[in-house]
file entry28.cif (mmCIF, N, CA and C atoms)
data_my_file
loop_
_atom_site.group_PDB
_atom_site.id
_atom_site.type_symbol
_atom_site.label_atom_id
_atom_site.label_comp_id
_atom_site.auth_asym_id
_atom_site.auth_seq_id
_atom_site.Cartn_x
_atom_site.Cartn_y
_atom_site.Cartn_z
ATOM 1 N N MET A 21 140.785 -70.497 -115.727
ATOM 2 C CA MET A 21 139.531 -70.738 -116.405
ATOM 3 C C MET A 21 138.830 -71.974 -115.834
ATOM 4 N N LYS A 22 139.652 -72.959 -115.464
ATOM 5 C CA LYS A 22 139.107 -74.200 -114.931
ATOM 6 C C LYS A 22 138.423 -73.949 -113.591
ATOM 7 N N LYS A 23 138.979 -73.073 -112.763
ATOM 8 C CA LYS A 23 138.393 -72.762 -111.470
ATOM 9 C C LYS A 23 137.048 -72.062 -111.647
ATOM 10 N N ARG A 24 136.970 -71.222 -112.637
ATOM 11 C CA ARG A 24 135.721 -70.516 -112.909
ATOM 12 C C ARG A 24 134.625 -71.493 -113.318
ATOM 13 N N LYS A 25 134.988 -72.439 -114.136
ATOM 14 C CA LYS A 25 134.034 -73.440 -114.600
ATOM 15 C C LYS A 25 133.563 -74.297 -113.427
ATOM 16 N N GLU A 26 134.488 -74.687 -112.533
ATOM 17 C CA GLU A 26 134.118 -75.480 -111.358
ATOM 18 C C GLU A 26 133.216 -74.667 -110.429
ATOM 19 N N ALA A 27 133.504 -73.402 -110.261
ATOM 20 C CA ALA A 27 132.688 -72.535 -109.414
ATOM 21 C C ALA A 27 131.282 -72.399 -110.005
ATOM 22 N N THR A 28 131.191 -72.257 -111.317
ATOM 23 C CA THR A 28 129.896 -72.152 -111.980
ATOM 24 C C THR A 28 129.108 -73.451 -111.829
ATOM 25 N N VAL A 29 129.794 -74.576 -111.960
ATOM 26 C CA VAL A 29 129.123 -75.878 -111.801
ATOM 27 C C VAL A 29 128.610 -76.028 -110.376
ATOM 28 N N ARG A 30 129.429 -75.639 -109.397
ATOM 29 C CA ARG A 30 129.008 -75.721 -107.995
ATOM 30 C C ARG A 30 127.791 -74.829 -107.747
ATOM 31 N N LYS A 31 127.818 -73.629 -108.276
ATOM 32 C CA LYS A 31 126.683 -72.719 -108.116
ATOM 33 C C LYS A 31 125.427 -73.314 -108.733
ATOM 34 N N ASN A 32 125.573 -73.932 -109.888
ATOM 35 C CA ASN A 32 124.422 -74.566 -110.543
ATOM 36 C C ASN A 32 123.879 -75.710 -109.692
ATOM 37 N N ILE A 33 124.769 -76.505 -109.133
ATOM 38 C CA ILE A 33 124.326 -77.632 -108.288
ATOM 39 C C ILE A 33 123.616 -77.104 -107.046
ATOM 40 N N ILE A 34 124.193 -76.111 -106.411
ATOM 41 C CA ILE A 34 123.574 -75.529 -105.218
ATOM 42 C C ILE A 34 122.220 -74.919 -105.571
ATOM 43 N N LEU A 35 122.152 -74.234 -106.695
ATOM 44 C CA LEU A 35 120.899 -73.635 -107.139
ATOM 45 C C LEU A 35 119.851 -74.718 -107.387
ATOM 46 N N ARG A 36 120.239 -75.802 -108.030
ATOM 47 C CA ARG A 36 119.306 -76.907 -108.292
ATOM 48 C C ARG A 36 118.827 -77.544 -106.991
ATOM 49 N N ILE A 37 119.747 -77.713 -106.044
ATOM 50 C CA ILE A 37 119.367 -78.287 -104.751
ATOM 51 C C ILE A 37 118.375 -77.362 -104.043
ATOM 52 N N CYS A 38 118.628 -76.066 -104.082
ATOM 53 C CA CYS A 38 117.720 -75.103 -103.451
ATOM 54 C C CYS A 38 116.347 -75.121 -104.130
ATOM 55 N N ILE A 39 116.334 -75.165 -105.436
ATOM 56 C CA ILE A 39 115.065 -75.211 -106.171
ATOM 57 C C ILE A 39 114.320 -76.497 -105.842
ATOM 58 N N PHE A 40 115.023 -77.621 -105.806
ATOM 59 C CA PHE A 40 114.396 -78.897 -105.470
ATOM 60 C C PHE A 40 113.821 -78.856 -104.050
ATOM 61 N N ALA A 41 114.587 -78.313 -103.095
ATOM 62 C CA ALA A 41 114.108 -78.212 -101.711
ATOM 63 C C ALA A 41 112.866 -77.333 -101.638
ATOM 64 N N PHE A 42 112.861 -76.225 -102.384
ATOM 65 C CA PHE A 42 111.702 -75.342 -102.393
ATOM 66 C C PHE A 42 110.480 -76.043 -102.979
ATOM 67 N N VAL A 43 110.664 -76.795 -104.059
ATOM 68 C CA VAL A 43 109.544 -77.514 -104.682
ATOM 69 C C VAL A 43 108.980 -78.559 -103.714
ATOM 70 N N VAL A 44 109.861 -79.283 -103.026
ATOM 71 C CA VAL A 44 109.406 -80.280 -102.048
ATOM 72 C C VAL A 44 108.642 -79.585 -100.918
ATOM 73 N N TYR A 45 109.173 -78.478 -100.421
ATOM 74 C CA TYR A 45 108.518 -77.724 -99.362
ATOM 75 C C TYR A 45 107.144 -77.227 -99.823
ATOM 76 N N ALA A 46 107.085 -76.667 -101.014
ATOM 77 C CA ALA A 46 105.822 -76.152 -101.543
ATOM 78 C C ALA A 46 104.805 -77.285 -101.704
ATOM 79 N N ALA A 47 105.248 -78.446 -102.167
ATOM 80 C CA ALA A 47 104.349 -79.594 -102.314
ATOM 81 C C ALA A 47 103.823 -80.035 -100.952
ATOM 82 N N PHE A 48 104.693 -80.070 -99.966
ATOM 83 C CA PHE A 48 104.282 -80.457 -98.617
ATOM 84 C C PHE A 48 103.237 -79.484 -98.069
ATOM 85 N N ILE A 49 103.470 -78.201 -98.220
ATOM 86 C CA ILE A 49 102.531 -77.181 -97.745
ATOM 87 C C ILE A 49 101.201 -77.307 -98.479
ATOM 88 N N LEU A 50 101.262 -77.554 -99.782
ATOM 89 C CA LEU A 50 100.045 -77.695 -100.577
ATOM 90 C C LEU A 50 99.204 -78.873 -100.092
ATOM 91 N N VAL A 51 99.835 -80.003 -99.850
ATOM 92 C CA VAL A 51 99.109 -81.185 -99.366
ATOM 93 C C VAL A 51 98.510 -80.907 -97.991
ATOM 94 N N GLU A 52 99.276 -80.255 -97.139
ATOM 95 C CA GLU A 52 98.786 -79.933 -95.790
ATOM 96 C C GLU A 52 97.568 -79.014 -95.861
ATOM 97 N N LYS A 53 97.625 -78.011 -96.710
ATOM 98 C CA LYS A 53 96.507 -77.075 -96.853
ATOM 99 C C LYS A 53 95.278 -77.758 -97.440
ATOM 100 N N GLN A 54 95.476 -78.678 -98.361
ATOM 101 C CA GLN A 54 94.341 -79.419 -98.920
ATOM 102 C C GLN A 54 93.672 -80.265 -97.838
ATOM 103 N N ALA A 55 94.456 -80.854 -96.956
ATOM 104 C CA ALA A 55 93.886 -81.627 -95.850
ATOM 105 C C ALA A 55 93.093 -80.717 -94.923
ATOM 106 N N GLU A 56 93.604 -79.534 -94.635
ATOM 107 C CA GLU A 56 92.885 -78.580 -93.793
ATOM 108 C C GLU A 56 91.576 -78.149 -94.459
ATOM 109 N N ILE A 57 91.609 -77.928 -95.755
ATOM 110 C CA ILE A 57 90.400 -77.540 -96.482
ATOM 111 C C ILE A 57 89.365 -78.659 -96.430
ATOM 112 N N ALA A 58 89.799 -79.892 -96.614
ATOM 113 C CA ALA A 58 88.872 -81.028 -96.563
ATOM 114 C C ALA A 58 88.230 -81.133 -95.179
ATOM 115 N N MET A 59 89.040 -80.950 -94.138
ATOM 116 C CA MET A 59 88.501 -81.019 -92.784
ATOM 117 C C MET A 59 87.519 -79.871 -92.545
ATOM 118 N N GLY A 60 87.846 -78.696 -93.055
ATOM 119 C CA GLY A 60 86.951 -77.556 -92.919
ATOM 120 C C GLY A 60 85.636 -77.768 -93.650
ATOM 121 N N GLN A 61 85.698 -78.375 -94.819
ATOM 122 C CA GLN A 61 84.469 -78.663 -95.562
ATOM 123 C C GLN A 61 83.610 -79.674 -94.823
ATOM 124 N N GLN A 62 84.242 -80.663 -94.209
ATOM 125 C CA GLN A 62 83.490 -81.656 -93.444
ATOM 126 C C GLN A 62 82.817 -80.990 -92.240
ATOM 127 N N MET A 63 83.531 -80.107 -91.569
ATOM 128 C CA MET A 63 82.939 -79.389 -90.430
ATOM 129 C C MET A 63 81.788 -78.503 -90.898
ATOM 130 N N LEU A 64 81.947 -77.883 -92.059
ATOM 131 C CA LEU A 64 80.890 -77.040 -92.610
ATOM 132 C C LEU A 64 79.636 -77.859 -92.890
ATOM 133 N N GLU A 65 79.801 -79.035 -93.489
ATOM 134 C CA GLU A 65 78.652 -79.894 -93.769
ATOM 135 C C GLU A 65 77.964 -80.316 -92.480
ATOM 136 N N THR A 66 78.745 -80.651 -91.459
ATOM 137 C CA THR A 66 78.172 -81.040 -90.173
ATOM 138 C C THR A 66 77.376 -79.889 -89.571
ATOM 139 N N MET A 67 77.944 -78.707 -89.617
ATOM 140 C CA MET A 67 77.252 -77.536 -89.073
ATOM 141 C C MET A 67 75.991 -77.223 -89.872
ATOM 142 N N GLN A 68 76.057 -77.358 -91.184
ATOM 143 C CA GLN A 68 74.876 -77.094 -92.003
ATOM 144 C C GLN A 68 73.769 -78.096 -91.691
ATOM 145 N N ASN A 69 74.137 -79.364 -91.459
ATOM 146 C CA ASN A 69 73.141 -80.358 -91.068
ATOM 147 C C ASN A 69 72.529 -80.007 -89.723
ATOM 148 N N SER A 70 73.352 -79.570 -88.781
ATOM 149 C CA SER A 70 72.843 -79.179 -87.465
ATOM 150 C C SER A 70 71.891 -77.990 -87.583
ATOM 151 N N VAL A 71 72.252 -77.037 -88.416
ATOM 152 C CA VAL A 71 71.399 -75.867 -88.615
ATOM 153 C C VAL A 71 70.069 -76.293 -89.225
ATOM 154 N N GLU A 72 70.108 -77.186 -90.186
ATOM 155 C CA GLU A 72 68.870 -77.639 -90.830
ATOM 156 C C GLU A 72 67.978 -78.375 -89.838
ATOM 157 N N ILE A 73 68.576 -79.223 -89.001
ATOM 158 C CA ILE A 73 67.800 -79.928 -87.977
ATOM 159 C C ILE A 73 67.161 -78.923 -87.024
ATOM 160 N N GLN A 74 67.919 -77.931 -86.603
ATOM 161 C CA GLN A 74 67.384 -76.917 -85.693
ATOM 162 C C GLN A 74 66.284 -76.101 -86.356
ATOM 163 N N ARG A 75 66.432 -75.813 -87.651
ATOM 164 C CA ARG A 75 65.381 -75.094 -88.378
ATOM 165 C C ARG A 75 64.076 -75.890 -88.376
ATOM 166 N N LEU A 76 64.205 -77.198 -88.607
ATOM 167 C CA LEU A 76 63.004 -78.036 -88.614
ATOM 168 C C LEU A 76 62.349 -78.061 -87.233
ATOM 169 N N LYS A 77 63.175 -78.143 -86.179
ATOM 170 C CA LYS A 77 62.623 -78.110 -84.819
ATOM 171 C C LYS A 77 61.930 -76.779 -84.557
ATOM 172 N N ASN A 78 62.575 -75.688 -84.978
ATOM 173 C CA ASN A 78 61.979 -74.365 -84.782
ATOM 174 C C ASN A 78 60.660 -74.233 -85.543
ATOM 175 N N LYS A 79 60.651 -74.770 -86.755
ATOM 176 C CA LYS A 79 59.431 -74.710 -87.566
ATOM 177 C C LYS A 79 58.303 -75.476 -86.875
ATOM 178 N N GLU A 80 58.623 -76.642 -86.318
ATOM 179 C CA GLU A 80 57.614 -77.437 -85.608
ATOM 180 C C GLU A 80 57.123 -76.702 -84.367
ATOM 181 N N LEU A 81 58.029 -76.084 -83.622
ATOM 182 C CA LEU A 81 57.622 -75.329 -82.435
ATOM 183 C C LEU A 81 56.766 -74.118 -82.826
ATOM 184 N N ALA A 82 57.131 -73.453 -83.900
ATOM 185 C CA ALA A 82 56.334 -72.308 -84.364
ATOM 186 C C ALA A 82 54.942 -72.767 -84.779
ATOM 187 N N ARG A 83 54.875 -73.922 -85.427
ATOM 188 C CA ARG A 83 53.563 -74.461 -85.822
ATOM 189 C C ARG A 83 52.725 -74.757 -84.594
ATOM 190 N N GLN A 84 53.363 -75.327 -83.576
ATOM 191 C CA GLN A 84 52.633 -75.625 -82.349
ATOM 192 C C GLN A 84 52.151 -74.346 -81.666
ATOM 193 N N LEU A 85 52.980 -73.301 -81.711
ATOM 194 C CA LEU A 85 52.565 -72.034 -81.105
ATOM 195 C C LEU A 85 51.417 -71.378 -81.873
ATOM 196 N N GLU A 86 51.445 -71.492 -83.172
ATOM 197 C CA GLU A 86 50.389 -70.884 -83.987
ATOM 198 C C GLU A 86 49.052 -71.575 -83.764
ATOM 199 N N ASN A 87 49.086 -72.878 -83.653
ATOM 200 C CA ASN A 87 47.849 -73.619 -83.415
ATOM 201 C C ASN A 87 47.530 -73.545 -81.927
ATOM 202 N N ASP A 88 46.359 -73.027 -81.620
ATOM 203 C CA ASP A 88 45.960 -72.992 -80.215
ATOM 204 C C ASP A 88 45.852 -74.424 -79.720
ATOM 205 N N MET A 89 46.547 -74.682 -78.624
ATOM 206 C CA MET A 89 46.480 -76.032 -78.075
ATOM 207 C C MET A 89 45.105 -76.229 -77.447
ATOM 208 N N ASP A 90 44.518 -77.328 -77.771
ATOM 209 C CA ASP A 90 43.216 -77.602 -77.197
ATOM 210 C C ASP A 90 43.375 -78.113 -75.758
ATOM 211 N N GLU A 91 42.270 -78.200 -75.065
ATOM 212 C CA GLU A 91 42.253 -78.584 -73.649
ATOM 213 C C GLU A 91 42.877 -79.967 -73.428
ATOM 214 N N GLU A 92 42.606 -80.895 -74.320
ATOM 215 C CA GLU A 92 43.146 -82.256 -74.161
ATOM 216 C C GLU A 92 44.672 -82.278 -74.261
ATOM 217 N N THR A 93 45.213 -81.518 -75.177
ATOM 218 C CA THR A 93 46.664 -81.462 -75.337
ATOM 219 C C THR A 93 47.322 -80.863 -74.109
ATOM 220 N N ILE A 94 46.733 -79.789 -73.595
ATOM 221 C CA ILE A 94 47.274 -79.150 -72.396
ATOM 222 C C ILE A 94 47.211 -80.115 -71.221
ATOM 223 N N GLU A 95 46.107 -80.805 -71.073
ATOM 224 C CA GLU A 95 45.958 -81.762 -69.971
ATOM 225 C C GLU A 95 46.955 -82.912 -70.105
ATOM 226 N N ARG A 96 47.128 -83.418 -71.306
ATOM 227 C CA ARG A 96 48.074 -84.521 -71.527
ATOM 228 C C ARG A 96 49.503 -84.097 -71.174
ATOM 229 N N ILE A 97 49.892 -82.899 -71.591
ATOM 230 C CA ILE A 97 51.232 -82.402 -71.266
ATOM 231 C C ILE A 97 51.380 -82.223 -69.758
ATOM 232 N N ALA A 98 50.361 -81.666 -69.124
ATOM 233 C CA ALA A 98 50.419 -81.453 -67.673
ATOM 234 C C ALA A 98 50.527 -82.777 -66.928
ATOM 235 N N ARG A 99 49.806 -83.776 -67.363
ATOM 236 C CA ARG A 99 49.848 -85.080 -66.681
ATOM 237 C C ARG A 99 51.149 -85.838 -66.977
ATOM 238 N N ASP A 100 51.535 -85.911 -68.259
ATOM 239 C CA ASP A 100 52.675 -86.743 -68.651
ATOM 240 C C ASP A 100 54.023 -86.119 -68.309
ATOM 241 N N LYS A 101 54.158 -84.850 -68.565
ATOM 242 C CA LYS A 101 55.471 -84.229 -68.402
ATOM 243 C C LYS A 101 55.633 -83.522 -67.060
ATOM 244 N N LEU A 102 54.562 -82.980 -66.536
ATOM 245 C CA LEU A 102 54.662 -82.204 -65.300
ATOM 246 C C LEU A 102 54.124 -82.945 -64.080
ATOM 247 N N ASP A 103 53.541 -84.115 -64.301
ATOM 248 C CA ASP A 103 52.969 -84.947 -63.223
ATOM 249 C C ASP A 103 51.899 -84.211 -62.424
ATOM 250 N N TYR A 104 51.079 -83.407 -63.084
ATOM 251 C CA TYR A 104 49.974 -82.730 -62.425
ATOM 252 C C TYR A 104 48.784 -83.672 -62.324
ATOM 253 N N VAL A 105 47.967 -83.453 -61.296
ATOM 254 C CA VAL A 105 46.723 -84.202 -61.126
ATOM 255 C C VAL A 105 45.655 -83.209 -60.675
ATOM 256 N N TYR A 106 44.400 -83.620 -60.782
ATOM 257 C CA TYR A 106 43.302 -82.799 -60.283
ATOM 258 C C TYR A 106 43.312 -82.832 -58.759
ATOM 259 N N PRO A 107 42.819 -81.782 -58.116
ATOM 260 C CA PRO A 107 42.858 -81.734 -56.648
ATOM 261 C C PRO A 107 42.130 -82.897 -55.968
ATOM 262 N N ASP A 108 41.036 -83.359 -56.534
ATOM 263 C CA ASP A 108 40.276 -84.432 -55.898
ATOM 264 C C ASP A 108 40.675 -85.819 -56.412
ATOM 265 N N GLU A 109 41.708 -85.883 -57.190
ATOM 266 C CA GLU A 109 42.138 -87.138 -57.793
ATOM 267 C C GLU A 109 43.124 -87.856 -56.875
ATOM 268 N N ILE A 110 43.004 -89.177 -56.796
ATOM 269 C CA ILE A 110 43.929 -89.993 -56.003
ATOM 270 C C ILE A 110 44.809 -90.759 -56.977
ATOM 271 N N VAL A 111 46.128 -90.699 -56.736
ATOM 272 C CA VAL A 111 47.087 -91.347 -57.620
ATOM 273 C C VAL A 111 47.749 -92.465 -56.855
ATOM 274 N N PHE A 112 47.832 -93.641 -57.494
ATOM 275 C CA PHE A 112 48.513 -94.792 -56.911
ATOM 276 C C PHE A 112 49.778 -95.079 -57.706
ATOM 277 N N PHE A 113 50.844 -95.369 -56.996
ATOM 278 C CA PHE A 113 52.115 -95.718 -57.636
ATOM 279 C C PHE A 113 52.427 -97.161 -57.343
ATOM 280 N N ASP A 114 52.850 -97.897 -58.349
ATOM 281 C CA ASP A 114 53.247 -99.289 -58.176
ATOM 282 C C ASP A 114 54.733 -99.320 -57.812
ATOM 283 N N ILE A 115 55.015 -99.691 -56.578
ATOM 284 C CA ILE A 115 56.404 -99.725 -56.115
ATOM 285 C C ILE A 115 56.925 -101.155 -55.987
ATOM 286 N N SER A 116 56.164 -102.098 -56.516
ATOM 287 C CA SER A 116 56.573 -103.503 -56.401
ATOM 288 C C SER A 116 57.759 -103.817 -57.309
ATOM 289 N N GLY A 117 57.961 -103.030 -58.317
ATOM 290 C CA GLY A 117 59.091 -103.232 -59.219
ATOM 291 C C GLY A 117 58.820 -104.232 -60.318
ATOM 292 N N SER A 118 57.624 -104.731 -60.420
ATOM 293 C CA SER A 118 57.333 -105.695 -61.468
ATOM 294 C C SER A 118 56.540 -105.099 -62.583
#
call {"tool": "encode", "arguments": {"input": "entry28.cif", "output": "structure tokens"}}
result
Amino acid sequence: MKKRKEATVRKNIILRICIFAFVVYAAFILVEKQAEIAMGQQMLETMQNSVEIQRLKNKELARQLENDMDEETIERIARDKLDYVYPDEIVFFDISGS
């Protein structure tokens, strides 16, 4: 009878150790998953901000396309961004570095 009682006690101890190990493992996995979720939410917010910025840029470009650009705007873009000049125009560049 004594051996049976010792065997039962050992089984209970082993069972408790297994349950404790499982609880620790489950807690570790839970914390790890929460960290992954937090990182995913941060990435989502970053992407949503990027999308919103791009939407605003697209809206501005669409507005510019809808409004017919006047002659002055076209000329300014051609001169400033494309370095165009009129055929009879003389352009001087300052190469002195000052």
call {"tool": "select_by_dssp", "arguments": {"input": "entry28.cif", "residues": "chain A", "states": "helix (DSSP H, G or I)", "output": "MDAnalysis selection string"}}
result
chainID A and resid 22:86 91:100
call {"tool": "atom_distance", "arguments": {"input": "entry28.cif", "atom1": "atom N of Tyr104 in chain A", "atom2": "atom C of Ser116 in chain A"}}
result
22.2 Å
call {"tool": "atom_distance", "arguments": {"input": "entry28.cif", "atom1": "atom N of Arg99 in chain A", "atom2": "atom N of Ile73 in chain A"}}
result
29.0 Å
call {"tool": "atom_distance", "arguments": {"input": "entry28.cif", "atom1": "atom C of Val105 in chain A", "atom2": "atom N of Thr93 in chain A"}}
result
14.6 Å
call {"tool": "axis_aligned_box", "arguments": {"input": "entry28.cif", "around": "range 46-51 of chain A", "padding_each_side": "3 Å", "output": "JSON"}}
result
{"center_x": 102.8, "center_y": -78.7, "center_z": -100.0, "size_x": 14.6, "size_y": 11.0, "size_z": 10.6}
